[in-house]
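Here the structure is laid out as structure tokens; the discussion comes afterwards.
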Amino acid sequence: MALPPDEVRHVARLARLALTDDEVAELAPQLSRILAYAEHVGEVAADDVEPTTHPFAPADVTRPDERRPSLSRDDVLAAAPQVEDHRFAVPRIVSQEG
Amino acid sequence: MTSQALLDDGWELVVGLEVHVELQTNTKMWCGCSTVFGDEPNTNVCEVCTGQPGALPVANEQAVRDAILLGLALQGRIAERCRFHRKNYFYPDLAKNYQISQYDTPLVTDGELVVEVTGDDGGVERRRVGIERLHMEEDTGKSLHVGDTGRLHGADRSLIDYNRCGIPLLEVVSHPDIRDPETAQAYLRELQAVVVATGVSDARMEEGSIRCDANVSVRRVGEELGTRTEIKNLNSVRSLGRAVRYEAQRQLAVIQDGGVIRMETRHWDESRGVTEVLRVKESVTDYRYFPDPDLVEVLSPPQRVEEIARRLPELPAATRARLTGLGVPREQAAVLVANAAVPVFDEAVAAGAEATAAANWLAGDVVGQLAAEDLSLAASGLTGAHLAELTRLIDDGTLSNTLAKEALAGVIASRGASSPAAVAAERGLEQVSDVGELQRIVDDVVAANPDTVAAIRSGNDKAIGALVGQVMKATKGQADPRKTNELLRTAIHG
């Protein structure tokens, strides 16, 4: 199944990747091959086999509601591209996403 | 019905609500960072809640228990096994670029909430609103938009505080069972009351610990559901009602004009009373949900669910019925439930207060004063014993109603350290019951107001109120009104 170029652009947009037309042309067959590979699962999947989300057997893993130290604010803000009032300053959020 | 006045004949409003409830756990959903509201920005942040490479989330046991408790209170079915998905989208208030949420296996399904609305005839109508699902997820950080308007539109940069990012959040999704704005409001109010009763959240809308989005559409009665819009920024029960009304009429006008409704997210502008397009909604597939490989399934074996069910408190509807059975008016019962004042009420009644008096004080003065001071009942220190003592002091004539209000204010000001009797003694609030002194004041007032006295003598009995007022003023409100009335009448009529 060949992935249509528009679908490649759509997926790229969701991942916030800017692709040139050449890149779209190059990536479409590659992505198609990956999808075809994944579709092999469908050949063995049966109605009586529950989809597996990861290899662990069901296990009850939770943690008690007890506080642990957070990072120091300096360490947290060291990762910020820009800091203002002890907050992460980011470019204005664009209102129209679609 | 009000909804008939809202839309033209033959048209119907359809509303479903998505309510987010922030849990009151000590720590976040996936890490041990504190959840305290109002801490310095970016001080409750770690590798997990900012999604640093290699950091592993682990579910908060208390959050899962709280979610089960609320699910049971909403008559829902608890999934024995459920998993978490990643909801992928880019927004700076979520550092991971995905939100851990639930997708195809919510923790709770098939719940319901029965709400009470006032019908056309003034009677109470009960309406059932189905709850499709309740799922667990995490809250996002808080953005502060700075620039020309301070709002999202027109802001030139956003400042992010990740303290809230990762706080456990429950999303309660109703079926589109709501047909009028009043039922939407009643649903939100009732859900808030259930949340408060279970104690899983303080459900304060002003602090954002409970938030509501409304899915609104209109259709011709009997036809398929119309295209819906999602309305955000509903910060109060009142905004919800206003926004739903506005949006229903806007959509009908667009359709009748030959237009079509687009599936979009709209922002409610409280000051202008309108909804505006925020963004065209991404479709569900655009979120590319997939099971979070960092998390195992949450297991809720039946015996654990049963154990949690035993901790279910009395639910608001049952509490209101019990209170009205004790003679408390329905509106006051609702106020007590909504303000989590029922434990104090019960304590006051157990300590000897009359139910109607205790409810009256709590629903009136107490709730009013707490709202004015932005204080919770628990933080005020006021107990049922205080309230019982207050009503006793009124009954035995030590305090008038006016003085009792002051004593009550004093108890709250001391955060419960002083009892009403102690406040009354400290401030010298006891009524002037010394007849000799009261008699002297009454005589002075009668002598100083010959015209009023004459009017009363010639049959204008109501004019006596003015004289009672003057005696009260002279005694700084400390005269016993009954005694004052008696002495005035004797002085005037002989």
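By order in the structure tokens, chains are A, B, ...; within a chain, residues start at 1; ligands start at 1, following the order shown.
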Using only C-alpha atoms and a distance of at most 8 Å, pull out the residues of chain B that contact chain A, as number ranges by chain.
B: 25-27, 32-34, 41-47, 58-62, 89, 91-92, 145, 152-153, 155-161, 278-282, 286, 291, 293, 296-299
Please dump the current selection as a PDB file, in the first residue's frame; keep C-alpha atoms.
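This is the output file out.pdb:
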```
ATOM      1  CA  THR B  25      -3.978  13.922  46.660  1.00  0.00           C
ATOM      2  CA  ASN B  26      -0.678  14.875  48.316  1.00  0.00           C
ATOM      3  CA  THR B  27       1.296  14.115  45.193  1.00  0.00           C
ATOM      4  CA  GLY B  32       6.036  12.427  44.195  1.00  0.00           C
ATOM      5  CA  CYS B  33       5.879  16.182  43.492  1.00  0.00           C
ATOM      6  CA  SER B  34       3.582  18.195  45.760  1.00  0.00           C
ATOM      7  CA  PRO B  41       6.118  28.763  40.084  1.00  0.00           C
ATOM      8  CA  ASN B  42       8.087  25.720  38.924  1.00  0.00           C
ATOM      9  CA  THR B  43       9.031  24.542  42.427  1.00  0.00           C
ATOM     10  CA  ASN B  44       6.936  21.322  42.323  1.00  0.00           C
ATOM     11  CA  VAL B  45       8.496  19.903  39.203  1.00  0.00           C
ATOM     12  CA  CYS B  46      10.662  16.859  38.509  1.00  0.00           C
ATOM     13  CA  GLU B  47      11.991  14.690  35.672  1.00  0.00           C
ATOM     14  CA  VAL B  58       4.232   5.203  38.424  1.00  0.00           C
ATOM     15  CA  ALA B  59       0.518   5.545  39.200  1.00  0.00           C
ATOM     16  CA  ASN B  60      -0.517   7.154  42.473  1.00  0.00           C
ATOM     17  CA  GLU B  61      -2.438   4.540  44.465  1.00  0.00           C
ATOM     18  CA  GLN B  62      -4.580   7.124  46.260  1.00  0.00           C
ATOM     19  CA  TYR B  89      -0.351  17.018  20.818  1.00  0.00           C
ATOM     20  CA  TYR B  91       1.157  22.629  23.423  1.00  0.00           C
ATOM     21  CA  PRO B  92       3.713  24.206  25.723  1.00  0.00           C
ATOM     22  CA  HIS B 145      -0.327  34.963  28.351  1.00  0.00           C
ATOM     23  CA  LEU B 152      -4.675  34.084  24.374  1.00  0.00           C
ATOM     24  CA  HIS B 153      -5.599  36.054  21.284  1.00  0.00           C
ATOM     25  CA  ALA B 155      -0.650  37.613  23.466  1.00  0.00           C
ATOM     26  CA  ASP B 156       2.926  37.847  22.243  1.00  0.00           C
ATOM     27  CA  ARG B 157       4.421  35.293  24.583  1.00  0.00           C
ATOM     28  CA  SER B 158       3.274  32.755  27.128  1.00  0.00           C
ATOM     29  CA  LEU B 159       4.878  32.029  30.492  1.00  0.00           C
ATOM     30  CA  ILE B 160       4.542  28.470  31.762  1.00  0.00           C
ATOM     31  CA  ASP B 161       4.466  27.196  35.321  1.00  0.00           C
ATOM     32  CA  LEU B 278     -10.706  29.082  19.458  1.00  0.00           C
ATOM     33  CA  ARG B 279      -9.583  26.398  17.037  1.00  0.00           C
ATOM     34  CA  VAL B 280     -10.948  23.875  14.618  1.00  0.00           C
ATOM     35  CA  LYS B 281     -10.963  20.623  16.513  1.00  0.00           C
ATOM     36  CA  GLU B 282      -8.279  18.043  15.731  1.00  0.00           C
ATOM     37  CA  ASP B 286      -4.866  13.224  14.958  1.00  0.00           C
ATOM     38  CA  PRO B 291      -0.899   2.554  24.940  1.00  0.00           C
ATOM     39  CA  PRO B 293       4.611   1.587  27.149  1.00  0.00           C
ATOM     40  CA  VAL B 296       1.293  -1.247  33.297  1.00  0.00           C
ATOM     41  CA  GLU B 297      -2.441  -1.780  33.562  1.00  0.00           C
ATOM     42  CA  VAL B 298      -4.268  -0.614  36.651  1.00  0.00           C
ATOM     43  CA  LEU B 299      -5.948  -3.526  38.386  1.00  0.00           C
TER      44      LEU B 299
END
```
Could you give me the residues within chain A that DSSP places in strand (DSSP E), as a list in words?
Thr62, Arg63, Val83, Glu84, Arg87, Phe88, Ala89, Val90 and Pro91 of chain A
Could you save those same residues with all heavy atoms as an mmCIF file, in the first residue's frame?
```cif
data_model
loop_
_atom_site.group_PDB
_atom_site.id
_atom_site.type_symbol
_atom_site.label_atom_id
_atom_site.label_comp_id
_atom_site.auth_asym_id
_atom_site.auth_seq_id
_atom_site.Cartn_x
_atom_site.Cartn_y
_atom_site.Cartn_z
ATOM 1 N N THR A 62 1.624 0.346 41.794
ATOM 2 C CA THR A 62 1.289 1.732 42.119
ATOM 3 C C THR A 62 2.287 2.195 43.160
ATOM 4 O O THR A 62 3.092 1.414 43.655
ATOM 5 C CB THR A 62 -0.127 1.841 42.716
ATOM 6 O OG1 THR A 62 -0.248 0.920 43.790
ATOM 7 C CG2 THR A 62 -1.196 1.547 41.674
ATOM 8 N N ARG A 63 2.222 3.497 43.479
ATOM 9 C CA ARG A 63 3.113 3.968 44.542
ATOM 10 C C ARG A 63 2.262 4.667 45.585
ATOM 11 O O ARG A 63 1.183 5.200 45.261
ATOM 12 C CB ARG A 63 4.185 4.911 43.954
ATOM 13 C CG ARG A 63 3.634 6.181 43.500
ATOM 14 C CD ARG A 63 4.612 7.129 42.851
ATOM 15 N NE ARG A 63 3.752 8.094 42.196
ATOM 16 C CZ ARG A 63 3.180 9.104 42.832
ATOM 17 N NH1 ARG A 63 3.438 9.328 44.103
ATOM 18 N NH2 ARG A 63 2.354 9.888 42.195
ATOM 19 N N VAL A 83 13.656 32.451 30.211
ATOM 20 C CA VAL A 83 12.971 32.474 31.505
ATOM 21 C C VAL A 83 12.462 33.876 31.794
ATOM 22 O O VAL A 83 13.145 34.869 31.509
ATOM 23 C CB VAL A 83 13.952 32.037 32.628
ATOM 24 C CG1 VAL A 83 13.266 32.126 34.001
ATOM 25 C CG2 VAL A 83 14.459 30.616 32.388
ATOM 26 N N GLU A 84 11.265 33.940 32.313
ATOM 27 C CA GLU A 84 10.714 35.227 32.732
ATOM 28 C C GLU A 84 9.853 34.974 33.970
ATOM 29 O O GLU A 84 9.029 34.062 33.981
ATOM 30 C CB GLU A 84 9.856 35.796 31.584
ATOM 31 C CG GLU A 84 9.516 37.264 31.747
ATOM 32 C CD GLU A 84 8.776 37.811 30.521
ATOM 33 O OE1 GLU A 84 9.082 37.399 29.387
ATOM 34 O OE2 GLU A 84 7.875 38.636 30.724
ATOM 35 N N ARG A 87 9.337 31.507 35.140
ATOM 36 C CA ARG A 87 8.510 30.645 34.287
ATOM 37 C C ARG A 87 9.208 30.445 32.943
ATOM 38 O O ARG A 87 10.078 31.222 32.572
ATOM 39 C CB ARG A 87 7.138 31.285 34.062
ATOM 40 C CG ARG A 87 6.291 31.372 35.331
ATOM 41 C CD ARG A 87 5.053 32.194 35.051
ATOM 42 N NE ARG A 87 4.100 32.177 36.157
ATOM 43 C CZ ARG A 87 4.096 33.063 37.160
ATOM 44 N NH1 ARG A 87 4.985 34.039 37.207
ATOM 45 N NH2 ARG A 87 3.198 32.972 38.111
ATOM 46 N N PHE A 88 8.770 29.392 32.239
ATOM 47 C CA PHE A 88 9.276 29.134 30.899
ATOM 48 C C PHE A 88 8.616 30.133 29.955
ATOM 49 O O PHE A 88 7.381 30.149 29.852
ATOM 50 C CB PHE A 88 8.919 27.714 30.432
ATOM 51 C CG PHE A 88 9.687 26.627 31.133
ATOM 52 C CD1 PHE A 88 9.466 26.341 32.472
ATOM 53 C CD2 PHE A 88 10.626 25.870 30.446
ATOM 54 C CE1 PHE A 88 10.166 25.327 33.121
ATOM 55 C CE2 PHE A 88 11.331 24.846 31.081
ATOM 56 C CZ PHE A 88 11.105 24.586 32.419
ATOM 57 N N ALA A 89 9.408 30.944 29.287
ATOM 58 C CA ALA A 89 8.825 31.885 28.329
ATOM 59 C C ALA A 89 8.873 31.249 26.951
ATOM 60 O O ALA A 89 9.922 30.792 26.495
ATOM 61 C CB ALA A 89 9.602 33.192 28.343
ATOM 62 N N VAL A 90 7.702 31.166 26.307
ATOM 63 C CA VAL A 90 7.629 30.556 24.976
ATOM 64 C C VAL A 90 6.931 31.522 24.030
ATOM 65 O O VAL A 90 6.199 32.404 24.471
ATOM 66 C CB VAL A 90 6.877 29.205 25.019
ATOM 67 C CG1 VAL A 90 7.590 28.201 25.897
ATOM 68 C CG2 VAL A 90 5.435 29.393 25.480
ATOM 69 N N PRO A 91 7.165 31.352 22.729
ATOM 70 C CA PRO A 91 6.490 32.241 21.789
ATOM 71 C C PRO A 91 4.980 32.147 21.962
ATOM 72 O O PRO A 91 4.472 31.125 22.418
ATOM 73 C CB PRO A 91 6.895 31.695 20.417
ATOM 74 C CG PRO A 91 8.068 30.827 20.649
ATOM 75 C CD PRO A 91 7.983 30.340 22.052
#
```
Neighbour list for B:Arg415 as a ChimeraX atom specification, cut-off 10 Å, only C-alpha atoms, skip fewer than 2 positions in-chain:
/B:377-382,409-413,417-419
How would you write, as a PyMOL selection string, the set of residues in stretch 137-267 of chain B that DSSP gives as alpha helix (DSSP H)?
chain B and resi 181-198+237-256
